[in-house]
>>> print(open('entry_20.tsv').read())   # TSV, C-alpha atoms
chain	number	residue	atom	x	y	z
B	1097	GLU	CA	-36.55	29.39	-1.43
B	1098	ARG	CA	-33.20	29.40	0.32
B	1099	ALA	CA	-31.30	26.12	0.37
B	1100	ARG	CA	-31.35	24.21	3.63
B	1101	VAL	CA	-29.45	21.23	5.00
B	1102	VAL	CA	-31.36	18.41	6.72
B	1103	ASP	CA	-29.73	15.72	8.86
B	1104	VAL	CA	-31.13	12.38	7.62
B	1105	THR	CA	-28.69	10.15	9.52
B	1106	GLU	CA	-31.37	8.37	11.52
B	1107	ALA	CA	-33.09	7.27	8.30
B	1108	LEU	CA	-30.07	5.24	7.17
B	1109	GLY	CA	-31.32	2.11	8.87
B	1110	TRP	CA	-27.88	1.00	10.05
B	1111	PRO	CA	-25.33	2.25	12.63
B	1112	HIS	CA	-23.55	5.49	11.83
B	1113	ASP	CA	-20.05	6.16	13.11
B	1114	PRO	CA	-18.89	9.71	12.27
B	1115	ASP	CA	-15.22	8.78	12.59
B	1116	PRO	CA	-13.82	8.72	9.03
B	1117	LEU	CA	-11.36	5.99	9.99
B	1118	THR	CA	-14.21	3.61	10.82
B	1119	SER	CA	-16.69	4.77	8.20
B	1120	GLY	CA	-18.19	1.51	7.02
B	1121	TRP	CA	-21.55	3.27	6.98
B	1122	TRP	CA	-20.35	5.43	4.07
B	1123	ARG	CA	-19.37	2.53	1.85
B	1124	ARG	CA	-22.61	0.77	2.71
B	1125	LEU	CA	-24.55	3.90	1.76
B	1126	CYS	CA	-22.76	4.05	-1.59
B	1127	ARG	CA	-23.51	0.38	-2.23
B	1128	ASP	CA	-27.10	0.34	-0.93
B	1129	PHE	CA	-28.26	3.84	-1.88
B	1130	PRO	CA	-31.04	2.60	-4.20
B	1131	GLU	CA	-32.58	0.71	-1.28
B	1132	ALA	CA	-32.14	3.59	1.20
B	1133	ARG	CA	-33.09	6.43	-1.10
B	1134	SER	CA	-36.81	6.57	-0.36
B	1135	ARG	CA	-36.20	6.70	3.40
B	1136	LEU	CA	-33.61	9.45	3.04
B	1137	ALA	CA	-35.86	11.47	0.73
B	1138	ALA	CA	-38.78	11.20	3.16
B	1139	ALA	CA	-36.59	12.31	6.06
B	1140	ALA	CA	-35.26	15.25	4.05
B	1141	ALA	CA	-38.80	16.35	3.14
B	1142	ALA	CA	-40.01	16.11	6.74
B	1143	GLY	CA	-37.00	17.73	8.39
B	1144	GLU	CA	-36.80	21.43	9.15
B	1145	GLY	CA	-33.07	21.64	8.55
B	1146	ARG	CA	-30.89	24.70	8.75
B	1147	PRO	CA	-29.78	27.25	6.15
B	1148	LEU	CA	-27.03	26.10	3.84
B	1149	ALA	CA	-25.55	29.57	4.09
B	1150	GLY	CA	-23.25	29.57	7.07
B	1151	THR	CA	-22.95	25.77	7.15
B	1152	ARG	CA	-19.40	24.48	6.77
B	1153	LEU	CA	-19.45	21.62	4.28
B	1154	ARG	CA	-16.89	18.84	4.44
B	1155	ALA	CA	-15.71	16.66	1.55
B	1156	PRO	CA	-18.75	14.75	0.21
B	1157	ALA	CA	-16.91	11.43	0.44
B	1158	VAL	CA	-15.47	9.67	3.48
B	1159	ASN	CA	-12.27	7.59	3.55
B	1160	PRO	CA	-12.50	5.90	0.12
B	1161	SER	CA	-10.43	2.75	-0.28
B	1162	LYS	CA	-8.68	4.51	-3.18
B	1163	ILE	CA	-8.68	7.57	-5.39
B	1164	VAL	CA	-8.20	6.61	-9.03
B	1165	ALA	CA	-7.18	9.43	-11.38
B	1166	CYS	CA	-7.06	9.64	-15.16
B	1167	ALA	CA	-4.11	11.07	-17.05
B	1168	CYS	CA	-4.19	12.64	-20.51
B	1169	ASN	CA	-7.95	12.60	-21.11
B	1170	TYR	CA	-8.40	15.88	-23.02
B	1171	ALA	CA	-6.53	16.32	-26.31
B	1172	ASP	CA	-5.75	20.01	-25.73
B	1173	HIS	CA	-4.33	19.22	-22.30
B	1174	VAL	CA	-2.05	16.57	-23.81
B	1175	ALA	CA	-0.85	19.19	-26.28
B	1176	GLU	CA	-0.17	21.82	-23.62
B	1177	MET	CA	1.73	19.34	-21.45
B	1178	HIS	CA	4.52	19.20	-24.04
B	1179	GLY	CA	5.31	22.82	-23.22
B	1180	VAL	CA	4.84	22.32	-19.47
B	1181	GLN	CA	7.26	19.39	-19.43
B	1182	GLU	CA	9.82	21.19	-21.57
B	1183	ARG	CA	9.76	24.06	-19.05
B	1184	THR	CA	9.65	22.04	-15.82
B	1185	LEU	CA	11.53	18.85	-16.77
B	1186	GLY	CA	13.74	20.00	-19.62
B	1187	GLY	CA	12.16	17.52	-22.03
B	1188	VAL	CA	9.00	15.58	-22.86
B	1189	GLU	CA	8.29	12.21	-21.26
B	1190	SER	CA	6.43	10.55	-24.15
B	1191	TRP	CA	4.94	7.78	-22.01
B	1192	MET	CA	3.14	10.41	-19.94
B	1193	MET	CA	1.19	11.61	-23.00
B	1194	ASN	CA	-1.02	8.51	-23.16
B	1195	PHE	CA	-4.31	7.92	-21.38
B	1196	ASP	CA	-4.01	5.80	-18.27
B	1197	VAL	CA	-4.99	5.74	-14.61
B	1198	PHE	CA	-2.93	6.13	-11.45
B	1199	LEU	CA	-3.63	6.33	-7.71
B	1200	LYS	CA	-3.74	9.26	-5.30
B	1201	SER	CA	-3.64	8.94	-1.53
B	1202	PRO	CA	-7.08	9.17	0.14
B	1203	SER	CA	-5.45	11.35	2.82
B	1204	SER	CA	-5.09	14.08	0.18
B	1205	LEU	CA	-8.86	14.72	0.35
B	1206	SER	CA	-10.11	18.05	1.68
B	1207	GLY	CA	-13.43	19.83	1.61
B	1208	PRO	CA	-14.95	22.87	-0.13
B	1209	ALA	CA	-14.31	25.10	2.91
B	1210	ASP	CA	-10.68	24.07	3.36
B	1211	ASP	CA	-7.55	25.82	2.11
B	1212	ILE	CA	-5.19	24.36	-0.47
B	1213	VAL	CA	-1.93	24.12	1.48
B	1214	LEU	CA	1.28	24.24	-0.56
B	1215	PRO	CA	4.22	22.44	1.12
B	1216	GLU	CA	6.83	24.92	2.28
B	1217	GLU	CA	9.72	22.92	0.86
B	1218	ILE	CA	8.13	22.75	-2.60
B	1219	VAL	CA	7.49	26.49	-2.68
B	1220	ALA	CA	11.02	27.22	-1.41
B	1221	ALA	CA	12.49	25.04	-4.16
B	1222	GLY	CA	10.70	27.10	-6.81
B	1223	GLN	CA	8.81	24.12	-8.22
B	1224	GLU	CA	5.51	24.89	-9.94
B	1225	ILE	CA	2.31	23.60	-8.33
B	1226	HIS	CA	-0.65	23.46	-10.73
B	1227	HIS	CA	-4.42	23.32	-10.48
B	1228	GLU	CA	-6.48	20.77	-12.43
B	1229	SER	CA	-10.30	20.94	-12.23
B	1230	GLU	CA	-12.10	17.65	-12.89
B	1231	LEU	CA	-15.40	15.80	-12.87
B	1232	VAL	CA	-15.16	13.12	-10.17
B	1233	ILE	CA	-17.06	9.82	-10.27
B	1234	VAL	CA	-18.27	8.33	-6.98
B	1235	VAL	CA	-18.55	4.56	-7.23
B	1236	GLY	CA	-21.79	3.04	-5.95
B	1237	ARG	CA	-22.02	-0.69	-6.54
B	1238	GLY	CA	-18.44	-1.80	-6.97
B	1239	GLY	CA	-17.11	-4.58	-9.14
B	1240	ARG	CA	-14.36	-5.93	-11.35
B	1241	ASP	CA	-14.26	-6.37	-15.13
B	1242	ILE	CA	-17.33	-4.17	-15.51
B	1243	PRO	CA	-18.59	-4.06	-19.12
B	1244	GLU	CA	-18.64	-0.56	-20.57
B	1245	GLU	CA	-22.32	-0.84	-21.49
B	1246	ARG	CA	-23.21	-1.44	-17.83
B	1247	ALA	CA	-20.63	0.87	-16.25
B	1248	LEU	CA	-23.05	3.65	-15.33
B	1249	ASP	CA	-25.04	1.16	-13.24
B	1250	HIS	CA	-22.04	1.14	-10.89
B	1251	VAL	CA	-21.94	4.93	-10.44
B	1252	LEU	CA	-23.60	6.51	-7.40
B	1253	GLY	CA	-23.02	10.07	-8.53
B	1254	TYR	CA	-20.60	12.86	-9.27
B	1255	THR	CA	-18.82	15.74	-7.62
B	1256	LEU	CA	-16.19	18.36	-8.42
B	1257	GLY	CA	-12.55	17.78	-7.61
B	1258	LEU	CA	-9.23	19.55	-8.00
B	1259	ASP	CA	-6.14	17.46	-8.71
B	1260	ILE	CA	-3.39	19.68	-7.32
B	1261	THR	CA	-0.06	18.70	-8.84
B	1262	VAL	CA	3.62	19.40	-8.29
B	1263	ARG	CA	5.41	19.59	-11.64
B	1264	SER	CA	8.59	17.56	-11.18
B	1265	ALA	CA	10.23	14.33	-12.27
B	1266	ALA	CA	8.77	12.43	-9.30
B	1267	ASP	CA	6.13	9.72	-9.62
B	1268	ARG	CA	2.60	11.01	-10.32
B	1269	SER	CA	1.18	9.54	-7.13
B	1270	ARG	CA	3.82	11.29	-5.02
B	1271	ARG	CA	3.39	14.66	-6.73
B	1272	LYS	CA	-0.40	14.60	-6.31
B	1273	SER	CA	-0.86	13.09	-2.84
B	1274	TYR	CA	0.10	15.85	-0.43
B	1275	ASP	CA	-2.53	16.73	2.16
B	1276	THR	CA	-5.25	19.04	0.68
B	1277	PHE	CA	-4.21	18.17	-2.91
B	1278	SER	CA	-7.64	16.64	-3.64
B	1279	PRO	CA	-10.27	19.26	-2.74
B	1280	LEU	CA	-13.74	17.79	-3.26
B	1281	GLY	CA	-17.20	19.34	-3.26
B	1282	PRO	CA	-19.35	21.14	-2.70
B	1283	VAL	CA	-21.78	18.19	-2.73
B	1284	LEU	CA	-22.32	14.75	-4.23
B	1285	VAL	CA	-25.02	14.80	-6.91
B	1286	THR	CA	-26.63	11.45	-7.68
B	1287	ALA	CA	-26.29	10.02	-11.19
B	1288	ASP	CA	-29.99	10.37	-12.03
B	1289	GLU	CA	-29.85	14.09	-11.20
B	1290	ILE	CA	-26.91	14.60	-13.55
B	1291	GLY	CA	-28.22	12.59	-16.48
B	1292	ASP	CA	-25.50	12.55	-19.14
B	1293	PRO	CA	-22.03	12.94	-17.55
B	1294	GLY	CA	-20.69	13.66	-21.03
B	1295	ALA	CA	-22.35	17.07	-21.31
B	1296	LEU	CA	-21.15	19.09	-18.32
B	1297	GLU	CA	-19.40	22.48	-18.33
B	1298	ILE	CA	-16.29	22.77	-16.15
B	1299	ARG	CA	-14.77	26.15	-15.28
B	1300	LEU	CA	-11.89	27.29	-13.11
B	1301	ASP	CA	-10.78	30.85	-12.30
B	1302	VAL	CA	-7.73	32.02	-10.36
B	1303	ASN	CA	-8.02	35.46	-8.80
B	1304	GLY	CA	-10.98	36.16	-11.08
B	1305	GLY	CA	-9.19	35.26	-14.32
B	1306	GLU	CA	-10.44	32.26	-16.27
B	1307	ARG	CA	-7.94	29.43	-16.61
B	1308	GLN	CA	-10.04	26.41	-17.59
B	1309	HIS	CA	-13.34	26.09	-19.46
B	1310	VAL	CA	-14.28	22.80	-21.07
B	1311	ASN	CA	-17.21	20.45	-21.60
B	1312	THR	CA	-16.96	16.79	-20.62
B	1313	ARG	CA	-18.08	15.87	-24.14
B	1314	ASP	CA	-14.41	16.47	-24.99
B	1315	LEU	CA	-13.16	13.62	-22.80
B	1316	LEU	CA	-11.06	11.28	-24.93
B	1317	THR	CA	-12.15	8.36	-22.74
B	1318	PRO	CA	-15.72	9.04	-21.53
B	1319	VAL	CA	-17.12	8.12	-18.13
B	1320	PRO	CA	-18.44	4.61	-18.97
B	1321	ALA	CA	-15.15	3.64	-20.59
B	1322	ILE	CA	-13.17	5.05	-17.62
B	1323	VAL	CA	-15.12	2.94	-15.12
B	1324	SER	CA	-14.77	-0.18	-17.24
B	1325	TYR	CA	-11.05	0.38	-17.88
B	1326	ALA	CA	-10.22	0.95	-14.21
B	1327	SER	CA	-12.25	-2.08	-13.12
B	1328	HIS	CA	-10.26	-4.35	-15.43
B	1329	MET	CA	-7.08	-3.70	-13.44
B	1330	MET	CA	-8.45	-3.24	-9.91
B	1331	THR	CA	-11.65	-4.08	-8.07
B	1332	LEU	CA	-13.69	-0.91	-7.58
B	1333	LEU	CA	-15.24	-0.73	-4.11
B	1334	PRO	CA	-18.27	1.29	-3.03
B	1335	GLY	CA	-17.24	4.85	-2.24
B	1336	ASP	CA	-14.12	4.85	-4.41
B	1337	LEU	CA	-13.44	8.07	-6.30
B	1338	ILE	CA	-12.36	8.42	-9.94
B	1339	PHE	CA	-10.98	11.76	-11.15
B	1340	THR	CA	-11.74	11.85	-14.88
B	1341	GLY	CA	-8.79	13.95	-16.10
B	1342	ALA	CA	-7.54	17.51	-16.30
B	1343	PRO	CA	-8.91	19.92	-18.91
B	1344	PRO	CA	-6.54	22.23	-20.79
B	1345	GLY	CA	-5.53	25.45	-19.11
B	1346	VAL	CA	-3.55	24.08	-16.18
B	1347	GLY	CA	-1.36	26.63	-14.48
B	1348	ALA	CA	0.54	27.54	-11.36
B	1349	ILE	CA	-1.07	28.54	-8.09
B	1350	GLU	CA	0.75	30.44	-5.35
B	1351	PRO	CA	0.16	31.38	-1.72
B	1352	GLY	CA	-2.43	34.15	-1.55
B	1353	ASP	CA	-4.34	33.01	-4.64
B	1354	THR	CA	-8.07	32.32	-4.68
B	1355	VAL	CA	-9.31	29.44	-6.82
B	1356	HIS	CA	-12.96	29.24	-7.90
B	1357	ALA	CA	-14.08	26.06	-9.67
B	1358	SER	CA	-17.50	24.89	-10.83
B	1359	ILE	CA	-19.30	22.17	-12.75
B	1360	ALA	CA	-22.76	22.85	-14.13
B	1361	GLY	CA	-25.33	20.79	-12.25
B	1362	VAL	CA	-22.86	19.93	-9.48
B	1363	GLY	CA	-21.94	23.26	-7.90
B	1364	ALA	CA	-18.99	25.49	-7.16
B	1365	MET	CA	-16.34	25.98	-4.52
B	1366	THR	CA	-13.95	28.82	-3.74
B	1367	LEU	CA	-10.65	27.86	-2.13
B	1368	ALA	CA	-7.86	29.95	-0.64
B	1369	VAL	CA	-4.27	28.94	-1.36
B	1370	ARG	CA	-1.66	29.25	1.40
B	1371	GLN	CA	1.74	27.94	2.27
B	1372	GLY	CA	2.00	25.24	4.93
>>> encode(input="entry_20.tsv", output="structure tokens")
Amino acid sequence: ERARVVDVTEALGWPHDPDPLTSGWWRRLCRDFPEARSRLAAAAAAGEGRPLAGTRLRAPAVNPSKIVACACNYADHVAEMHGVQERTLGGVESWMMNFDVFLKSPSSLSGPADDIVLPEEIVAAGQEIHHESELVIVVGRGGRDIPEERALDHVLGYTLGLDITVRSAADRSRRKSYDTFSPLGPVLVTADEIGDPGALEIRLDVNGGERQHVNTRDLLTPVPAIVSYASHMMTLLPGDLIFTGAPPGVGAIEPGDTVHASIAGVGAMTLAVRQG
């Protein structure tokens, strides 16, 4: 049976404002999904819907309060970054080889049907801009100082994200926060549908050639520990996004490229790269 999309907005049970700048409904849905789930499922089953094919999907998250991103969370990526930094910075910044989290601008989000737009001035300067394909956590019930053993109770679900990155000496948040530098999609899959987030295959191809292929079992800091760690330095709010870290195989993308990324159980997206 061909996949179909059903509008279940009316089943939410609270006002819905489609404007992403006033999207309190989204954060409430993330927080209260367990209570709303049965209504949404019933509406989806009863609705006729329309074919997924030909439907333009937007990013499956709306105006999060923050995008948290993990650095240095796959051992082979840490190893390869020594060479990347030698080439792009002229030396290795040792502090950047340790696991930690940083913030990306929410305005960098784009959807699975949008282009990755490389800033003209960055391309003209000859700086490398890299792809990074990652499992992304969508926070459900927020919190602070969340114990690792209860961290998954605070996760609504997962999606696929790309952390597009300028390789330069600038701050991480600056290099990763340009518009369209956080493509997200194609859908949000709830945590119960995923099961173990530590057993998912991630792949990324550029122009048909494989660049990245990893399993999330290789994360140095797994999903529960990421959620707990982040919550000990900042309050996680419903709808926040956490990028779990780049696998090895990062590389440059250029205008005219086509990037295809996928996570087993989540889905795939194909993105065109162009200069802005």
>>> closest_residue(input="entry_20.tsv", among="B:Pro1282, B:Gly1341, B:Ala1247, B:Gln1223", to="B:Arg1183", atoms="only C-alpha atoms")
B:Gln1223
>>> residues_around(input="entry_20.tsv", residues="B:Phe1198", least_positions_apart="5", cutoff="8 Å", atoms="only C-alpha atoms", output="mmCIF file with C-alpha atoms, in the frame of the given file")
data_model
loop_
_atom_site.group_PDB
_atom_site.id
_atom_site.type_symbol
_atom_site.label_atom_id
_atom_site.label_comp_id
_atom_site.auth_asym_id
_atom_site.auth_seq_id
_atom_site.Cartn_x
_atom_site.Cartn_y
_atom_site.Cartn_z
ATOM 1 C CA VAL B 1164 -8.200 6.610 -9.030
ATOM 2 C CA ALA B 1165 -7.180 9.430 -11.380
ATOM 3 C CA CYS B 1166 -7.060 9.640 -15.160
ATOM 4 C CA ALA B 1167 -4.110 11.070 -17.050
ATOM 5 C CA ARG B 1268 2.600 11.010 -10.320
ATOM 6 C CA SER B 1269 1.180 9.540 -7.130
#
>>> residues_around(input="entry_20.tsv", residues="B:Ile1242", least_positions_apart="2", cutoff="10 Å", atoms="only C-alpha atoms", output="PyMOL selection string")
chain B and resi 1238-1240+1244-1250+1320-1321+1323-1328+1331-1332
>>> closest_residue(input="entry_20.tsv", among="B:Leu1333, B:Ile1260, B:Leu1205, B:Leu1300", to="B:Ile1225", atoms="all atoms listed in the file")
B:Ile1260
>>> closest_residue(input="entry_20.tsv", among="B:Pro1208, B:Pro1243, B:Gly1361, B:Pro1156", to="B:Leu1258", atoms="all atoms listed in the file")
B:Pro1208
>>> atom_distance(input="entry_20.tsv", atom1="atom CA of B:Pro1351", atom2="atom CA of B:Thr1261")
14.5 Å
>>> atom_distance(input="entry_20.tsv", atom1="atom CA of B:Asp1336", atom2="atom CA of B:Ile1290")
18.5 Å
>>> closest_residue(input="entry_20.tsv", among="B:Asp1259, B:Glu1217, B:Asp1115, B:Asp1211", to="B:Val1232", atoms="all atoms listed in the file")
B:Asp1259
>>> residues_around(input="entry_20.tsv", residues="B:Val1235", least_positions_apart="2", cutoff="6 Å", atoms="all atoms listed in the file", output="NGL selection string")
:B and (1251-1252 or 1334-1336)
>>> build_atoms(input="entry_20.tsv", residues="stretch 1204-1238 of chain B", atoms="N, CA and C atoms", output="PDB file, in the frame of the given file")
ATOM      1  N   SER B1204      -5.208  12.781   0.855  1.00  0.00           N
ATOM      2  CA  SER B1204      -5.090  14.080   0.180  1.00  0.00           C
ATOM      3  C   SER B1204      -6.437  14.794   0.068  1.00  0.00           C
ATOM      4  N   LEU B1205      -7.538  14.120   0.453  1.00  0.00           N
ATOM      5  CA  LEU B1205      -8.860  14.720   0.350  1.00  0.00           C
ATOM      6  C   LEU B1205      -9.016  15.888   1.319  1.00  0.00           C
ATOM      7  N   SER B1206      -9.692  16.931   0.835  1.00  0.00           N
ATOM      8  CA  SER B1206     -10.110  18.050   1.680  1.00  0.00           C
ATOM      9  C   SER B1206     -11.457  18.527   1.185  1.00  0.00           C
ATOM     10  N   GLY B1207     -12.076  19.420   1.925  1.00  0.00           N
ATOM     11  CA  GLY B1207     -13.430  19.830   1.610  1.00  0.00           C
ATOM     12  C   GLY B1207     -13.520  21.195   0.952  1.00  0.00           C
ATOM     13  N   PRO B1208     -14.747  21.610   0.596  1.00  0.00           N
ATOM     14  CA  PRO B1208     -14.950  22.870  -0.130  1.00  0.00           C
ATOM     15  C   PRO B1208     -14.721  24.111   0.717  1.00  0.00           C
ATOM     16  N   ALA B1209     -14.584  23.959   2.041  1.00  0.00           N
ATOM     17  CA  ALA B1209     -14.310  25.100   2.910  1.00  0.00           C
ATOM     18  C   ALA B1209     -12.865  25.121   3.396  1.00  0.00           C
ATOM     19  N   ASP B1210     -12.061  24.180   2.915  1.00  0.00           N
ATOM     20  CA  ASP B1210     -10.680  24.070   3.360  1.00  0.00           C
ATOM     21  C   ASP B1210      -9.734  24.803   2.407  1.00  0.00           C
ATOM     22  N   ASP B1211      -8.579  25.193   2.937  1.00  0.00           N
ATOM     23  CA  ASP B1211      -7.550  25.820   2.110  1.00  0.00           C
ATOM     24  C   ASP B1211      -6.759  24.753   1.348  1.00  0.00           C
ATOM     25  N   ILE B1212      -6.215  25.154   0.217  1.00  0.00           N
ATOM     26  CA  ILE B1212      -5.190  24.360  -0.470  1.00  0.00           C
ATOM     27  C   ILE B1212      -3.851  24.764   0.148  1.00  0.00           C
ATOM     28  N   VAL B1213      -3.158  23.813   0.747  1.00  0.00           N
ATOM     29  CA  VAL B1213      -1.930  24.120   1.480  1.00  0.00           C
ATOM     30  C   VAL B1213      -0.730  23.635   0.668  1.00  0.00           C
ATOM     31  N   LEU B1214       0.105  24.567   0.244  1.00  0.00           N
ATOM     32  CA  LEU B1214       1.280  24.240  -0.560  1.00  0.00           C
ATOM     33  C   LEU B1214       2.461  23.953   0.368  1.00  0.00           C
ATOM     34  N   PRO B1215       3.109  22.782   0.221  1.00  0.00           N
ATOM     35  CA  PRO B1215       4.220  22.440   1.120  1.00  0.00           C
ATOM     36  C   PRO B1215       5.344  23.476   1.036  1.00  0.00           C
ATOM     37  N   GLU B1216       5.817  23.868   2.201  1.00  0.00           N
ATOM     38  CA  GLU B1216       6.830  24.920   2.280  1.00  0.00           C
ATOM     39  C   GLU B1216       8.070  24.569   1.471  1.00  0.00           C
ATOM     40  N   GLU B1217       8.488  23.302   1.545  1.00  0.00           N
ATOM     41  CA  GLU B1217       9.720  22.920   0.860  1.00  0.00           C
ATOM     42  C   GLU B1217       9.585  22.962  -0.654  1.00  0.00           C
ATOM     43  N   ILE B1218       8.365  22.699  -1.155  1.00  0.00           N
ATOM     44  CA  ILE B1218       8.130  22.750  -2.600  1.00  0.00           C
ATOM     45  C   ILE B1218       8.149  24.197  -3.088  1.00  0.00           C
ATOM     46  N   VAL B1219       7.501  25.074  -2.327  1.00  0.00           N
ATOM     47  CA  VAL B1219       7.490  26.490  -2.680  1.00  0.00           C
ATOM     48  C   VAL B1219       8.899  27.058  -2.620  1.00  0.00           C
ATOM     49  N   ALA B1220       9.656  26.698  -1.571  1.00  0.00           N
ATOM     50  CA  ALA B1220      11.020  27.220  -1.410  1.00  0.00           C
ATOM     51  C   ALA B1220      11.928  26.759  -2.540  1.00  0.00           C
ATOM     52  N   ALA B1221      11.662  25.563  -3.069  1.00  0.00           N
ATOM     53  CA  ALA B1221      12.490  25.040  -4.160  1.00  0.00           C
ATOM     54  C   ALA B1221      12.134  25.658  -5.512  1.00  0.00           C
ATOM     55  N   GLY B1222      11.084  26.446  -5.561  1.00  0.00           N
ATOM     56  CA  GLY B1222      10.700  27.100  -6.810  1.00  0.00           C
ATOM     57  C   GLY B1222       9.992  26.192  -7.791  1.00  0.00           C
ATOM     58  N   GLN B1223       9.520  25.020  -7.327  1.00  0.00           N
ATOM     59  CA  GLN B1223       8.810  24.120  -8.220  1.00  0.00           C
ATOM     60  C   GLN B1223       7.370  24.612  -8.429  1.00  0.00           C
ATOM     61  N   GLU B1224       6.874  24.474  -9.649  1.00  0.00           N
ATOM     62  CA  GLU B1224       5.510  24.890  -9.940  1.00  0.00           C
ATOM     63  C   GLU B1224       4.514  23.885  -9.353  1.00  0.00           C
ATOM     64  N   ILE B1225       3.425  24.408  -8.807  1.00  0.00           N
ATOM     65  CA  ILE B1225       2.310  23.600  -8.330  1.00  0.00           C
ATOM     66  C   ILE B1225       1.077  24.056  -9.097  1.00  0.00           C
ATOM     67  N   HIS B1226       0.431  23.119  -9.798  1.00  0.00           N
ATOM     68  CA  HIS B1226      -0.650  23.460 -10.730  1.00  0.00           C
ATOM     69  C   HIS B1226      -2.005  23.018 -10.213  1.00  0.00           C
ATOM     70  N   HIS B1227      -3.030  23.708 -10.693  1.00  0.00           N
ATOM     71  CA  HIS B1227      -4.420  23.320 -10.480  1.00  0.00           C
ATOM     72  C   HIS B1227      -4.887  22.462 -11.659  1.00  0.00           C
ATOM     73  N   GLU B1228      -5.791  21.546 -11.386  1.00  0.00           N
ATOM     74  CA  GLU B1228      -6.480  20.770 -12.430  1.00  0.00           C
ATOM     75  C   GLU B1228      -7.914  20.549 -11.931  1.00  0.00           C
ATOM     76  N   SER B1229      -8.903  21.085 -12.638  1.00  0.00           N
ATOM     77  CA  SER B1229     -10.300  20.940 -12.230  1.00  0.00           C
ATOM     78  C   SER B1229     -10.929  19.770 -12.985  1.00  0.00           C
ATOM     79  N   GLU B1230     -11.649  18.888 -12.256  1.00  0.00           N
ATOM     80  CA  GLU B1230     -12.100  17.650 -12.890  1.00  0.00           C
ATOM     81  C   GLU B1230     -13.470  17.196 -12.388  1.00  0.00           C
ATOM     82  N   LEU B1231     -14.221  16.552 -13.275  1.00  0.00           N
ATOM     83  CA  LEU B1231     -15.400  15.800 -12.870  1.00  0.00           C
ATOM     84  C   LEU B1231     -14.930  14.553 -12.138  1.00  0.00           C
ATOM     85  N   VAL B1232     -15.547  14.270 -10.978  1.00  0.00           N
ATOM     86  CA  VAL B1232     -15.160  13.120 -10.170  1.00  0.00           C
ATOM     87  C   VAL B1232     -16.336  12.151 -10.073  1.00  0.00           C
ATOM     88  N   ILE B1233     -16.068  10.891 -10.372  1.00  0.00           N
ATOM     89  CA  ILE B1233     -17.060   9.820 -10.270  1.00  0.00           C
ATOM     90  C   ILE B1233     -17.009   9.232  -8.862  1.00  0.00           C
ATOM     91  N   VAL B1234     -18.176   9.027  -8.262  1.00  0.00           N
ATOM     92  CA  VAL B1234     -18.270   8.330  -6.980  1.00  0.00           C
ATOM     93  C   VAL B1234     -18.870   6.955  -7.252  1.00  0.00           C
ATOM     94  N   VAL B1235     -18.105   5.924  -6.945  1.00  0.00           N
ATOM     95  CA  VAL B1235     -18.550   4.560  -7.230  1.00  0.00           C
ATOM     96  C   VAL B1235     -19.635   4.152  -6.249  1.00  0.00           C
ATOM     97  N   GLY B1236     -20.719   3.565  -6.779  1.00  0.00           N
ATOM     98  CA  GLY B1236     -21.790   3.040  -5.950  1.00  0.00           C
ATOM     99  C   GLY B1236     -21.589   1.556  -5.740  1.00  0.00           C
ATOM    100  N   ARG B1237     -22.226   0.760  -6.583  1.00  0.00           N
ATOM    101  CA  ARG B1237     -22.020  -0.690  -6.540  1.00  0.00           C
ATOM    102  C   ARG B1237     -20.682  -0.992  -7.200  1.00  0.00           C
ATOM    103  N   GLY B1238     -19.769  -1.544  -6.435  1.00  0.00           N
ATOM    104  CA  GLY B1238     -18.440  -1.800  -6.970  1.00  0.00           C
ATOM    105  C   GLY B1238     -18.420  -2.991  -7.919  1.00  0.00           C
TER     106      GLY B1238
END
